[in-house]
file upload_24.txt (compact mmCIF, C-alpha atoms and all ligand atoms)
# COMPACT_ATOMS: atom_id res chain seq x y z
CA MET A 24 -3.21 -39.19 13.38
CA LYS A 25 -3.67 -35.89 15.21
CA THR A 26 -6.48 -33.43 14.74
CA TYR A 27 -6.32 -29.78 15.65
CA ASN A 28 -8.91 -27.71 17.44
CA GLU A 29 -9.45 -24.46 15.54
CA VAL A 30 -9.77 -22.25 18.63
CA LYS A 31 -6.67 -23.58 20.35
CA LEU A 32 -4.65 -23.35 17.12
CA ALA A 33 -5.86 -19.79 16.47
CA GLN A 34 -4.83 -18.82 20.02
CA GLU A 35 -1.36 -20.27 19.42
CA LEU A 36 -1.02 -18.40 16.12
CA ILE A 37 -2.11 -15.08 17.64
CA ARG A 38 0.70 -15.37 20.21
CA PHE A 39 3.32 -14.85 17.49
CA PRO A 40 3.60 -11.05 17.07
CA THR A 41 3.97 -11.23 13.29
CA ILE A 42 3.81 -7.59 12.26
CA LYS A 43 5.66 -6.14 9.26
CA THR A 44 6.72 -9.52 7.79
CA GLU A 45 8.37 -10.62 11.04
CA ASP A 46 8.33 -14.39 11.32
CA LYS A 47 8.96 -14.90 15.04
CA GLY A 48 9.02 -18.66 14.48
CA ILE A 49 5.48 -18.98 13.14
CA MET A 50 6.37 -20.81 9.90
CA LYS A 51 8.44 -23.35 11.82
CA PHE A 52 5.51 -23.82 14.19
CA LEU A 53 3.06 -24.30 11.30
CA SER A 54 5.44 -26.62 9.43
CA LYS A 55 5.67 -28.82 12.52
CA LYS A 56 1.90 -28.91 12.94
CA LEU A 57 1.30 -29.71 9.28
CA SER A 58 4.17 -32.21 8.92
CA SER A 59 2.80 -34.27 11.76
CA ILE A 60 -0.48 -34.80 9.91
CA GLY A 61 1.24 -35.77 6.66
CA PHE A 62 1.89 -32.49 4.82
CA LYS A 63 5.17 -31.92 3.01
CA CYS A 64 6.29 -28.41 3.94
CA LYS A 65 8.56 -25.97 2.16
CA VAL A 66 9.50 -22.56 3.53
CA ILE A 67 10.01 -20.03 0.73
CA LYS A 68 11.88 -16.79 1.28
CA SER A 69 10.85 -13.42 -0.10
CA LYS A 70 11.97 -9.84 0.44
CA GLY A 71 11.08 -8.62 3.93
CA THR A 72 10.44 -5.09 5.14
CA GLY A 73 13.57 -5.05 7.31
CA THR A 74 16.95 -6.63 6.70
CA LYS A 75 15.62 -10.15 7.29
CA SER A 76 13.84 -12.14 4.59
CA ALA A 77 10.15 -12.82 4.98
CA LEU A 78 9.26 -16.51 5.31
CA ASN A 79 6.30 -18.04 3.48
CA LEU A 80 5.00 -21.56 3.53
CA TYR A 81 3.83 -24.07 0.96
CA ALA A 82 2.50 -27.33 2.38
CA ARG A 83 0.97 -30.16 0.38
CA PHE A 84 -0.75 -33.37 1.41
CA GLY A 85 -0.98 -36.00 -1.30
CA LYS A 86 0.49 -36.13 -4.79
CA SER A 87 -2.35 -36.73 -7.18
CA LYS A 88 -5.16 -34.72 -8.75
CA PRO A 89 -7.53 -33.05 -8.03
CA HIS A 90 -5.67 -30.44 -6.03
CA ILE A 91 -7.51 -28.05 -3.74
CA ASN A 92 -5.59 -25.22 -2.14
CA PHE A 93 -6.08 -22.80 0.73
CA LEU A 94 -4.43 -19.38 0.59
CA GLY A 95 -3.89 -17.38 3.76
CA HIS A 96 -1.48 -15.06 5.53
CA THR A 97 -0.06 -14.94 9.02
CA ASP A 98 1.11 -11.33 9.10
CA VAL A 99 -1.06 -8.85 10.95
CA VAL A 100 -1.44 -5.08 10.93
CA ALA A 101 -0.19 -2.98 13.86
CA ASN A 102 -2.61 -0.48 15.55
CA LEU A 103 -1.64 -2.04 18.87
CA ASN A 104 -2.30 0.67 21.46
CA ASN A 105 -5.21 0.98 23.89
CA TRP A 106 -6.38 -2.63 23.70
CA LYS A 107 -8.54 -3.90 26.58
CA ILE A 108 -6.88 -7.31 26.29
CA PRO A 109 -3.27 -7.30 25.01
CA PRO A 110 -3.33 -8.01 21.24
CA PHE A 111 -0.97 -11.00 21.20
CA ARG A 112 -2.28 -12.98 24.15
CA GLY A 113 -4.97 -14.93 22.33
CA VAL A 114 -7.42 -14.84 25.21
CA VAL A 115 -10.80 -16.58 25.00
CA LYS A 116 -13.37 -14.70 27.03
CA LYS A 117 -17.18 -14.65 27.08
CA GLY A 118 -17.52 -16.52 23.81
CA TYR A 119 -14.92 -14.50 21.91
CA LEU A 120 -11.40 -15.17 20.73
CA ASN A 121 -9.54 -11.90 21.31
CA GLY A 122 -6.39 -10.73 19.58
CA ARG A 123 -4.78 -9.27 16.51
CA GLY A 124 -5.39 -11.64 13.64
CA SER A 125 -8.36 -13.41 15.21
CA GLN A 126 -10.41 -12.37 12.15
CA ASP A 127 -7.73 -11.25 9.70
CA MET A 128 -6.73 -13.96 9.35
CA LYS A 129 -5.05 -16.36 11.74
CA GLY A 130 -8.55 -17.44 12.74
CA GLY A 131 -9.30 -18.54 9.17
CA VAL A 132 -5.95 -20.31 8.82
CA ALA A 133 -6.66 -22.24 12.01
CA CYS A 134 -10.13 -23.22 10.77
CA TRP A 135 -8.74 -24.62 7.52
CA ILE A 136 -5.96 -26.59 9.23
CA SER A 137 -8.43 -27.94 11.77
CA ALA A 138 -10.85 -28.96 9.01
CA ALA A 139 -8.04 -30.58 6.97
CA SER A 140 -6.73 -32.50 10.00
CA ASN A 141 -10.19 -33.92 10.70
CA PHE A 142 -10.81 -34.74 7.05
CA ILE A 143 -7.45 -36.49 6.59
CA LYS A 144 -7.97 -38.55 9.73
CA LYS A 145 -11.48 -39.61 8.79
CA LYS A 146 -11.27 -40.31 5.11
CA LYS A 147 -9.01 -41.95 2.54
CA PHE A 148 -9.21 -39.87 -0.64
CA LYS A 149 -7.54 -39.48 -3.98
CA GLY A 150 -6.14 -36.03 -4.56
CA SER A 151 -4.20 -33.29 -2.80
CA ILE A 152 -4.78 -30.56 -0.26
CA SER A 153 -2.29 -27.72 -0.12
CA ILE A 154 -1.83 -24.58 1.91
CA ILE A 155 -0.04 -21.37 0.97
CA ILE A 156 0.70 -18.99 3.83
CA SER A 157 2.26 -15.66 2.98
CA ALA A 158 4.10 -13.42 5.40
CA ASP A 159 3.32 -10.02 3.95
CA GLU A 160 -0.24 -9.75 2.65
CA GLU A 161 -0.79 -6.63 4.75
CA THR A 162 2.37 -4.91 3.59
CA THR A 163 4.60 -5.56 0.59
CA GLY A 164 2.89 -8.51 -1.10
CA TYR A 165 6.10 -10.24 -2.28
CA GLY A 166 5.41 -13.50 -0.45
CA CYS A 167 2.58 -14.96 -2.46
CA PRO A 168 4.26 -14.23 -5.84
CA ALA A 169 7.43 -15.92 -4.55
CA VAL A 170 5.43 -19.05 -3.68
CA ILE A 171 3.64 -19.00 -7.05
CA LYS A 172 7.01 -18.73 -8.80
CA TYR A 173 8.23 -21.73 -6.82
CA LEU A 174 5.12 -23.73 -7.79
CA LYS A 175 5.62 -22.92 -11.48
CA ARG A 176 9.24 -24.06 -11.29
CA LYS A 177 8.18 -27.31 -9.65
CA GLY A 178 5.32 -27.86 -12.09
CA GLU A 179 2.74 -27.86 -9.28
CA LYS A 180 -0.78 -27.32 -10.54
CA ILE A 181 -3.61 -26.11 -8.31
CA ASP A 182 -7.13 -26.88 -9.55
CA PHE A 183 -9.13 -24.77 -7.13
CA SER A 184 -8.26 -22.38 -4.35
CA ILE A 185 -10.10 -21.13 -1.29
CA VAL A 186 -8.79 -17.78 -0.10
CA GLY A 187 -9.52 -17.50 3.62
CA GLU A 188 -9.69 -13.72 3.92
CA PRO A 189 -12.46 -12.45 6.21
CA SER A 190 -15.03 -12.01 3.47
CA SER A 191 -18.14 -12.43 5.59
CA ASN A 192 -20.11 -9.42 6.69
CA LYS A 193 -22.97 -9.83 9.18
CA SER A 194 -22.69 -13.60 9.53
CA VAL A 195 -20.27 -16.25 8.32
CA GLY A 196 -20.94 -17.13 4.70
CA ASP A 197 -23.32 -14.29 3.88
CA GLU A 198 -20.90 -13.21 1.15
CA ILE A 199 -18.51 -15.11 -1.08
CA ARG A 200 -16.06 -13.18 -3.21
CA ILE A 201 -15.49 -14.49 -6.69
CA GLY A 202 -13.25 -11.71 -7.90
CA ARG A 203 -11.88 -8.27 -7.27
CA ARG A 204 -11.76 -5.09 -9.26
CA GLY A 205 -8.40 -3.93 -10.55
CA SER A 206 -6.78 -0.72 -9.41
CA MET A 207 -4.42 1.58 -11.27
CA ASN A 208 -3.00 5.02 -10.45
CA GLY A 209 -1.94 7.57 -13.00
CA ILE A 210 -0.15 10.92 -13.15
CA ILE A 211 -0.72 13.28 -16.07
CA ASN A 212 1.88 15.97 -16.63
CA ILE A 213 1.03 18.61 -19.22
CA TYR A 214 3.73 20.94 -20.55
CA GLY A 215 2.92 24.20 -22.31
CA LYS A 216 4.86 27.44 -22.63
CA SER A 217 4.91 29.98 -19.84
CA GLY A 218 4.47 33.69 -20.38
CA HIS A 219 2.93 36.94 -19.19
CA SER A 220 -0.82 36.48 -18.86
CA ALA A 221 -1.42 39.91 -20.47
CA PHE A 222 0.05 38.74 -23.79
CA ALA A 223 -2.35 36.19 -25.18
CA GLY A 224 -0.80 34.28 -28.03
CA SER A 225 2.69 34.37 -26.58
CA TYR A 226 2.10 31.44 -24.22
CA ILE A 227 0.50 28.01 -24.25
CA ASN A 228 -1.46 27.41 -21.08
CA PRO A 229 -1.20 23.80 -19.85
CA CYS A 230 -4.10 24.44 -17.41
CA THR A 231 -6.52 24.74 -20.32
CA ALA A 232 -5.41 21.44 -21.80
CA LEU A 233 -5.49 19.69 -18.42
CA ALA A 234 -9.00 20.99 -17.66
CA LYS A 235 -10.22 19.68 -21.04
CA ILE A 236 -8.54 16.32 -20.45
CA ILE A 237 -10.18 15.97 -17.03
CA THR A 238 -13.59 16.90 -18.44
CA LYS A 239 -13.23 14.42 -21.28
CA LEU A 240 -12.01 11.57 -19.07
CA LYS A 241 -14.79 12.14 -16.53
CA SER A 242 -17.48 12.28 -19.19
CA SER A 243 -16.33 9.17 -21.10
CA SER A 244 -17.85 5.98 -19.77
CA LEU A 245 -15.42 3.09 -19.54
CA ASP A 246 -18.09 0.37 -19.59
CA ASN A 247 -21.50 -0.55 -18.15
CA GLY A 248 -20.24 -2.98 -15.53
CA THR A 249 -20.63 -6.75 -15.41
CA LYS A 250 -23.07 -9.00 -13.60
CA PHE A 251 -20.82 -9.10 -10.54
CA MET A 252 -18.86 -5.85 -10.80
CA PRO A 253 -19.96 -2.20 -11.01
CA PRO A 254 -18.95 0.01 -13.96
CA SER A 255 -15.28 0.94 -13.99
CA ASN A 256 -14.65 4.37 -12.55
CA LEU A 257 -11.86 6.90 -12.93
CA GLU A 258 -11.50 9.47 -10.18
CA PHE A 259 -9.15 12.46 -10.04
CA THR A 260 -7.48 12.63 -6.64
CA LYS A 261 -5.04 15.54 -7.01
CA MET A 262 -4.51 18.54 -9.26
CA ASN A 263 -1.43 20.69 -9.09
CA VAL A 264 -0.13 23.83 -10.76
CA ASN A 265 3.05 24.94 -9.16
CA ASN A 266 2.68 28.66 -9.71
CA LEU A 267 3.07 31.46 -7.18
CA SER A 268 2.43 34.38 -9.52
CA GLU A 269 -0.97 35.67 -10.53
CA ASN A 270 0.08 37.11 -13.87
CA VAL A 271 2.29 34.30 -15.09
CA VAL A 272 0.96 31.45 -17.17
CA PRO A 273 2.68 28.35 -15.80
CA GLN A 274 4.91 26.02 -17.76
CA SER A 275 3.26 22.83 -16.55
CA ALA A 276 0.25 21.40 -14.77
CA SER A 277 -0.40 17.94 -13.40
CA ALA A 278 -3.16 15.74 -12.07
CA LYS A 279 -3.35 12.35 -10.38
CA PHE A 280 -6.09 9.81 -10.75
CA ASN A 281 -7.11 6.33 -9.67
CA VAL A 282 -9.13 3.88 -11.76
CA ARG A 283 -11.05 0.97 -10.25
CA PHE A 284 -11.77 -1.30 -13.16
CA ASN A 285 -13.81 -4.42 -13.68
CA SER A 286 -12.98 -7.63 -15.50
CA LYS A 287 -13.85 -6.11 -18.87
CA HIS A 288 -10.44 -4.43 -18.83
CA LYS A 289 -6.78 -5.29 -18.53
CA SER A 290 -4.54 -2.51 -17.26
CA SER A 291 -2.58 -2.59 -20.55
CA SER A 292 -5.61 -1.90 -22.76
CA LEU A 293 -6.92 0.65 -20.30
CA LYS A 294 -3.60 2.52 -20.40
CA LYS A 295 -3.77 2.65 -24.20
CA LYS A 296 -7.34 3.92 -24.15
CA LEU A 297 -6.62 6.67 -21.60
CA SER A 298 -3.33 7.71 -23.21
CA LYS A 299 -5.04 8.09 -26.57
CA ILE A 300 -7.61 10.53 -25.14
CA ILE A 301 -5.00 12.48 -23.16
CA ASN A 302 -2.50 12.75 -26.02
CA ALA A 303 -5.14 13.80 -28.56
CA ILE A 304 -6.34 16.72 -26.39
CA ALA A 305 -2.80 17.76 -25.44
CA LYS A 306 -1.83 17.81 -29.10
CA LYS A 307 -4.88 19.87 -30.06
CA GLU A 308 -3.94 22.36 -27.34
CA LYS A 309 -0.32 22.40 -28.60
CA CYS A 310 0.94 20.93 -25.34
CA LYS A 311 3.07 17.91 -24.54
CA ALA A 312 1.76 15.19 -22.25
CA LYS A 313 3.70 12.78 -20.10
CA ILE A 314 1.69 10.05 -18.46
CA GLU A 315 2.85 7.62 -15.78
CA TYR A 316 0.87 4.61 -14.63
CA LYS A 317 1.22 2.34 -11.63
CA VAL A 318 -0.87 -0.81 -11.55
CA SER A 319 -1.76 -2.04 -8.06
CA GLY A 320 -3.61 -5.08 -9.32
CA GLU A 321 -5.45 -6.46 -12.33
CA ALA A 322 -9.14 -7.27 -12.11
CA PHE A 323 -9.88 -10.95 -11.77
CA TYR A 324 -12.93 -13.06 -11.64
CA THR A 325 -13.88 -16.73 -11.55
CA LYS A 326 -17.03 -17.39 -13.51
CA PRO A 327 -19.36 -19.22 -11.11
CA ASN A 328 -18.51 -22.88 -11.74
CA LYS A 329 -19.26 -26.26 -10.22
CA GLN A 330 -17.02 -25.66 -7.20
CA ILE A 331 -18.41 -22.21 -6.47
CA TYR A 332 -21.99 -23.48 -6.57
CA MET A 333 -20.95 -26.41 -4.40
CA VAL A 334 -19.55 -24.03 -1.76
CA LYS A 335 -22.68 -21.87 -1.96
CA LYS A 336 -24.78 -24.98 -1.30
CA ILE A 337 -22.60 -26.00 1.65
CA VAL A 338 -22.86 -22.52 3.18
CA LYS A 339 -26.64 -22.72 2.88
CA LYS A 340 -26.67 -26.12 4.55
CA VAL A 341 -24.37 -25.17 7.43
CA THR A 342 -25.56 -21.61 8.10
CA GLY A 343 -28.89 -21.16 6.36
CA ASN A 344 -27.35 -18.22 4.48
CA SER A 345 -27.91 -17.73 0.77
CA ALA A 346 -24.44 -16.38 0.12
CA LYS A 347 -24.17 -13.39 -2.18
CA LEU A 348 -21.55 -13.89 -4.85
CA ASN A 349 -19.76 -10.59 -5.30
CA CYS A 350 -16.49 -8.78 -5.91
CA ARG A 351 -16.51 -6.30 -3.04
CA GLY A 352 -13.70 -5.35 -0.74
CA GLY A 353 -10.11 -4.24 -1.02
CA THR A 354 -7.24 -6.11 -2.48
CA SER A 355 -5.82 -9.43 -1.27
CA ASP A 356 -3.19 -12.03 -2.16
CA SER A 357 -5.85 -13.65 -4.33
CA ARG A 358 -4.70 -11.25 -7.08
CA PHE A 359 -1.49 -13.28 -7.41
CA LEU A 360 -3.21 -16.57 -8.22
CA GLY A 361 -3.34 -15.90 -11.95
CA SER A 362 -5.83 -18.12 -13.76
CA ILE A 363 -6.46 -20.55 -10.86
CA PRO A 364 -10.24 -20.76 -10.28
CA ARG A 365 -10.92 -19.49 -6.77
CA LEU A 366 -13.22 -17.89 -4.27
CA GLU A 367 -12.75 -16.01 -1.02
CA LEU A 368 -14.62 -17.23 2.02
CA GLY A 369 -13.60 -16.61 5.59
CA LEU A 370 -14.65 -15.17 8.94
CA ARG A 371 -16.49 -11.91 9.40
CA ASN A 372 -14.65 -8.62 8.93
CA SER A 373 -16.42 -6.70 11.71
CA THR A 374 -13.27 -5.83 13.72
CA ILE A 375 -10.40 -6.33 11.27
CA HIS A 376 -7.51 -3.85 11.56
CA MET A 377 -9.30 -2.26 14.58
CA VAL A 378 -8.31 -2.01 18.23
CA ASP A 379 -9.74 -5.02 20.17
CA GLU A 380 -10.02 -7.28 17.11
CA ARG A 381 -11.96 -10.38 18.09
CA SER A 382 -14.04 -13.18 16.64
CA PRO A 383 -17.00 -15.02 18.14
CA ILE A 384 -15.96 -18.60 18.89
CA SER A 385 -19.17 -19.70 17.18
CA ASP A 386 -17.93 -18.12 13.90
CA LEU A 387 -14.74 -20.19 14.07
CA LYS A 388 -16.79 -23.35 14.63
CA ILE A 389 -19.09 -22.57 11.70
CA LEU A 390 -16.23 -21.77 9.31
CA THR A 391 -14.44 -25.00 10.26
CA ARG A 392 -17.62 -26.95 9.49
CA ILE A 393 -17.92 -25.19 6.13
CA TYR A 394 -14.28 -25.91 5.25
CA ASN A 395 -14.66 -29.51 6.34
CA SER A 396 -17.73 -29.94 4.21
CA ILE A 397 -15.92 -28.34 1.23
CA LEU A 398 -13.20 -31.01 1.52
CA GLU A 399 -15.77 -33.80 1.83
CA ASN A 400 -17.64 -32.63 -1.24
CA TYR A 401 -14.60 -31.72 -3.32
CA PHE A 402 -13.12 -35.20 -3.31
ZN ZN A 501 -6.20 -10.40 5.48
call {"tool": "encode", "arguments": {"input": "upload_24.txt", "output": "C-alpha cells", "more": "lines below"}}
Ligand SMILES: [Zn+2]
result
Amino acid sequence: MKTYNEVKLAQELIRFPTIKTEDKGIMKFLSKKLSSIGFKCKVIKSKGTGTKSALNLYARFGKSKPHINFLGHTDVVANLNNWKIPPFRGVVKKGYLNGRGSQDMKGGVACWISAASNFIKKKKFKGSISIIISADEETTGYGCPAVIKYLKRKGEKIDFSIVGEPSSNKSVGDEIRIGRRGSMNGIINIYGKSGHSAFAGSYINPCTALAKIITKLKSSSLDNGTKFMPPSNLEFTKMNVNNLSENVVPQSASAKFNVRFNSKHKSSSLKKKLSKIINAIAKKEKCKAKIEYKVSGEAFYTKPNKQIYMVKKIVKKVTGNSAKLNCRGGTSDSRFLGSIPRLELGLRNSTIHMVDERSPISDLKILTRIYNSILENYF
C-alpha cells in the first residue's frame, strides 16, 4: 500500500489554480490518490460561481463504526499579484512551502491524507476514516451542505470530525477551536409621516423612533457570555435618512446592524427578542417598523469531550503546547456540520489570504504527526 508525503502532496495540490470554485481536475486527482489507498470516493456537485458546477468530494475508508472524519477545502482566495514566487508553483525554498493554499488549506489537506495513508498501511483497525473536501469554502459555501445532504440520504453517520482550517496562531497546536460564534445581519426600516418641520404635531418623525430603538438595543445586554465565548454583541453599521431638505421631516429612516452571538442563542430566538424591542418602541412612537434579517451562520460549540481532551493531550505530547480551547476566528465550513462533535485544528494562519502565502515545512511535519497520532488514539 502507498503512503503519501505531506510536502510533495501539498505541492501537487497547490499547482491546481482552484480559485472561485474552479475544479481544474483537483477532485479527480484526489480521488485517484485516495482510491489507491482504499478509499471509496464520490464526487458531489454543487452550484458553482460560473456556469460550471462546483465539484466536492466525499471519500470513506472502511464501513464500520466508529467513524472519524476530516473536513477541508481545496478552493483558494485570489489576491494573486506581486508574488515573489508565482502562487501556483508550489515551490519549496529555504524550509518553506510557498504558494496559495499552503496554509489555507491545501497544506492541511495534504497532512491529513499523508497521516491517513501511513496509518492505514501500518495498522489494521475497526472503524472508518472519511474525508470531505469542499470546493467553495472561500466563496459561496454550497459545497459542504451538498455533501452533508448526500450523507443524510445515504444514512452515513460521522461520529467525530476534525476540521483542518488553519486554526493555529504562533505555533502549530497553540489553539484548538471548539466552536464559532453565530453572525446575523439586520435592517430596520421605520416609517412615520413626513411634514413641515415648523408644524409640530402634523408629522411623525421616524428619526426619533429609530434613535430610541438604537439606544435601547445598545443598552440591553444579550447575555454574559459563556466559558468559551464572549458576550453576544450587536453593532450598528449603517444609519440612513434619505432626506435632502432641512425643513422637511422625512417619511422613513433605516439602520443596519450585525450581531455576533454565542451559543446561548439561536438566530430564531434572537430575531424574536430583537423584533419585540423594535416593534414596541416603534408602536409607542406611532411609527411602523419593518425588519429584515439575514443569518450568515448559527453559533455552534462542542462541549469539551473525550475526543477533544485526547487531541489536546496529543498536541501537548507532539509540540509541548498546552492548546487553548477557544471559539475565535471567522466562519468556516464547520458551521454546516450540524450536531456532529468536532474541533478545528490545522496549520498556522500567519500568511493566509496574503501575498506570498507560505508555510514552514516543519509545521507540515508537526501537523502530520498530530493527525497520525489522533488516528492511532481514536481507534
Ligand atoms: Zn480555509
call {"tool": "residues_near_ligand", "arguments": {"input": "upload_24.txt", "ligand": "ligand ZN 501 (chain A)", "cutoff": "7 Å", "atoms": "all atoms listed in the file", "output": "list in words"}}
result
His96, Asp127, Met128, Glu160, Glu161, Glu188, Pro189 and Ser355 of chain A
call {"tool": "closest_residue", "arguments": {"input": "upload_24.txt", "among": "A:Met333, A:Ile384, A:Ile154, A:Cys310", "to": "Val66 of chain A", "atoms": "all atoms listed in the file"}}
result
A:Ile154
call {"tool": "residues_around", "arguments": {"input": "upload_24.txt", "residues": "Thr44 of chain A", "least_positions_apart": "3", "cutoff": "10 Å", "atoms": "all atoms listed in the file", "output": "VMD selection string"}}
result
chain A and resid 40 to 41 47 69 to 73 75 to 79 97 to 100 157 to 164 166
call {"tool": "closest_residue", "arguments": {"input": "upload_24.txt", "among": "A:Val264, A:Leu366, A:Leu297, A:Ile49", "to": "Lys329 of chain A", "atoms": "only C-alpha atoms"}}
result
A:Leu366
call {"tool": "closest_residue", "arguments": {"input": "upload_24.txt", "among": "A:Ile314, A:Ile331, A:Met252, A:Ile236", "to": "Ile300 of chain A", "atoms": "all atoms listed in the file"}}
result
A:Ile236
call {"tool": "atom_distance", "arguments": {"input": "upload_24.txt", "atom1": "atom CA of Leu53 of chain A", "atom2": "atom CA of Gly202 of chain A"}}
result
28.2 Å
call {"tool": "atom_distance", "arguments": {"input": "upload_24.txt", "atom1": "atom CA of Phe402 of chain A", "atom2": "atom CA of Met50 of chain A"}}
result
27.6 Å
call {"tool": "residues_around", "arguments": {"input": "upload_24.txt", "residues": "Ala101 of chain A", "least_positions_apart": "2", "cutoff": "8 Å", "atoms": "all atoms listed in the file", "output": "ChimeraX atom specification"}}
result
/A:42,99,103,376
call {"tool": "residues_around", "arguments": {"input": "upload_24.txt", "residues": "Phe323 of chain A", "least_positions_apart": "2", "cutoff": "9 Å", "atoms": "only C-alpha atoms", "output": "list in words"}}
result
Ile201, Gly202, Arg203, Arg204, Gly205, Asn285, Ser286, Gly320, Glu321, Thr325, Ser357, Arg358, Gly361 and Ser362 of chain A
call {"tool": "closest_residue", "arguments": {"input": "upload_24.txt", "among": "A:Val282, A:Glu269, A:Lys65, A:Asn395", "to": "Lys177 of chain A", "atoms": "all atoms listed in the file"}}
result
A:Lys65
call {"tool": "atom_distance", "arguments": {"input": "upload_24.txt", "atom1": "atom CA of Lys51 of chain A", "atom2": "atom CA of Cys64 of chain A"}}
result
9.6 Å
call {"tool": "axis_aligned_box", "arguments": {"input": "upload_24.txt", "around": "segment 345-364 of chain A", "padding_each_side": "4 Å", "output": "JSON"}}
result
{"center_x": -14.7, "center_y": -12.5, "center_z": -6.5, "size_x": 34.4, "size_y": 24.5, "size_z": 22.5}
call {"tool": "closest_residue", "arguments": {"input": "upload_24.txt", "among": "A:Ile37, A:Ile199, A:Ala322, A:Ile67", "to": "Gln126 of chain A", "atoms": "only C-alpha atoms"}}
result
A:Ile37
call {"tool": "residues_near_point", "arguments": {"input": "upload_24.txt", "point": "(-1.7, 17.8, -8.5)", "cutoff": "10 Å", "atoms": "all atoms listed in the file", "output": "PyMOL selection string"}}
result
chain A and resi 210-212+259-265+276-280
call {"tool": "write_last_selection", "arguments": {"input": "upload_24.txt", "atoms": "C-alpha atoms", "output": "compact mmCIF listing (two decimals), keeping the file's coordinate frame"}}
result
# COMPACT_ATOMS: atom_id res chain seq x y z
CA ILE A 210 -0.15 10.92 -13.15
CA ILE A 211 -0.72 13.28 -16.07
CA ASN A 212 1.88 15.97 -16.63
CA PHE A 259 -9.15 12.46 -10.04
CA THR A 260 -7.48 12.63 -6.64
CA LYS A 261 -5.04 15.54 -7.01
CA MET A 262 -4.51 18.54 -9.26
CA ASN A 263 -1.43 20.69 -9.09
CA VAL A 264 -0.13 23.83 -10.76
CA ASN A 265 3.05 24.94 -9.16
CA ALA A 276 0.25 21.40 -14.77
CA SER A 277 -0.40 17.94 -13.40
CA ALA A 278 -3.16 15.74 -12.07
CA LYS A 279 -3.35 12.35 -10.38
CA PHE A 280 -6.09 9.81 -10.75
call {"tool": "closest_residue", "arguments": {"input": "upload_24.txt", "among": "A:Gly131, A:Gly61, A:Gly113, A:Pro327", "to": "Phe251 of chain A", "atoms": "only C-alpha atoms"}}
result
A:Pro327
call {"tool": "residues_near_point", "arguments": {"input": "upload_24.txt", "point": "(-1.7, -26.8, -8.5)", "cutoff": "12 Å", "atoms": "only C-alpha atoms", "output": "PDB file with C-alpha atoms, in the frame of the given file"}}
result
ATOM      1  CA  TYR A  81       3.830 -24.070   0.960  1.00  0.00           C
ATOM      2  CA  ALA A  82       2.500 -27.330   2.380  1.00  0.00           C
ATOM      3  CA  ARG A  83       0.970 -30.160   0.380  1.00  0.00           C
ATOM      4  CA  PHE A  84      -0.750 -33.370   1.410  1.00  0.00           C
ATOM      5  CA  GLY A  85      -0.980 -36.000  -1.300  1.00  0.00           C
ATOM      6  CA  LYS A  86       0.490 -36.130  -4.790  1.00  0.00           C
ATOM      7  CA  SER A  87      -2.350 -36.730  -7.180  1.00  0.00           C
ATOM      8  CA  LYS A  88      -5.160 -34.720  -8.750  1.00  0.00           C
ATOM      9  CA  PRO A  89      -7.530 -33.050  -8.030  1.00  0.00           C
ATOM     10  CA  HIS A  90      -5.670 -30.440  -6.030  1.00  0.00           C
ATOM     11  CA  ILE A  91      -7.510 -28.050  -3.740  1.00  0.00           C
ATOM     12  CA  ASN A  92      -5.590 -25.220  -2.140  1.00  0.00           C
ATOM     13  CA  PHE A  93      -6.080 -22.800   0.730  1.00  0.00           C
ATOM     14  CA  GLY A 150      -6.140 -36.030  -4.560  1.00  0.00           C
ATOM     15  CA  SER A 151      -4.200 -33.290  -2.800  1.00  0.00           C
ATOM     16  CA  ILE A 152      -4.780 -30.560  -0.260  1.00  0.00           C
ATOM     17  CA  SER A 153      -2.290 -27.720  -0.120  1.00  0.00           C
ATOM     18  CA  ILE A 154      -1.830 -24.580   1.910  1.00  0.00           C
ATOM     19  CA  ILE A 155      -0.040 -21.370   0.970  1.00  0.00           C
ATOM     20  CA  VAL A 170       5.430 -19.050  -3.680  1.00  0.00           C
ATOM     21  CA  ILE A 171       3.640 -19.000  -7.050  1.00  0.00           C
ATOM     22  CA  LYS A 172       7.010 -18.730  -8.800  1.00  0.00           C
ATOM     23  CA  TYR A 173       8.230 -21.730  -6.820  1.00  0.00           C
ATOM     24  CA  LEU A 174       5.120 -23.730  -7.790  1.00  0.00           C
ATOM     25  CA  LYS A 175       5.620 -22.920 -11.480  1.00  0.00           C
ATOM     26  CA  ARG A 176       9.240 -24.060 -11.290  1.00  0.00           C
ATOM     27  CA  LYS A 177       8.180 -27.310  -9.650  1.00  0.00           C
ATOM     28  CA  GLY A 178       5.320 -27.860 -12.090  1.00  0.00           C
ATOM     29  CA  GLU A 179       2.740 -27.860  -9.280  1.00  0.00           C
ATOM     30  CA  LYS A 180      -0.780 -27.320 -10.540  1.00  0.00           C
ATOM     31  CA  ILE A 181      -3.610 -26.110  -8.310  1.00  0.00           C
ATOM     32  CA  ASP A 182      -7.130 -26.880  -9.550  1.00  0.00           C
ATOM     33  CA  PHE A 183      -9.130 -24.770  -7.130  1.00  0.00           C
ATOM     34  CA  SER A 184      -8.260 -22.380  -4.350  1.00  0.00           C
ATOM     35  CA  LEU A 360      -3.210 -16.570  -8.220  1.00  0.00           C
ATOM     36  CA  GLY A 361      -3.340 -15.900 -11.950  1.00  0.00           C
ATOM     37  CA  SER A 362      -5.830 -18.120 -13.760  1.00  0.00           C
ATOM     38  CA  ILE A 363      -6.460 -20.550 -10.860  1.00  0.00           C
ATOM     39  CA  PRO A 364     -10.240 -20.760 -10.280  1.00  0.00           C
ATOM     40  CA  ARG A 365     -10.920 -19.490  -6.770  1.00  0.00           C
TER      41      ARG A 365
END
call {"tool": "residues_around", "arguments": {"input": "upload_24.txt", "residues": "Leu32 of chain A", "least_positions_apart": "2", "cutoff": "9 Å", "atoms": "only C-alpha atoms", "output": "tab-separated table (two decimals) with C-alpha atoms, keeping the file's coordinate frame"}}
result
chain	number	residue	atom	x	y	z
A	27	TYR	CA	-6.32	-29.78	15.65
A	28	ASN	CA	-8.91	-27.71	17.44
A	29	GLU	CA	-9.45	-24.46	15.54
A	30	VAL	CA	-9.77	-22.25	18.63
A	34	GLN	CA	-4.83	-18.82	20.02
A	35	GLU	CA	-1.36	-20.27	19.42
A	36	LEU	CA	-1.02	-18.40	16.12
A	37	ILE	CA	-2.11	-15.08	17.64
A	129	LYS	CA	-5.05	-16.36	11.74
A	130	GLY	CA	-8.55	-17.44	12.74
A	132	VAL	CA	-5.95	-20.31	8.82
A	133	ALA	CA	-6.66	-22.24	12.01
A	134	CYS	CA	-10.13	-23.22	10.77
A	136	ILE	CA	-5.96	-26.59	9.23
A	137	SER	CA	-8.43	-27.94	11.77
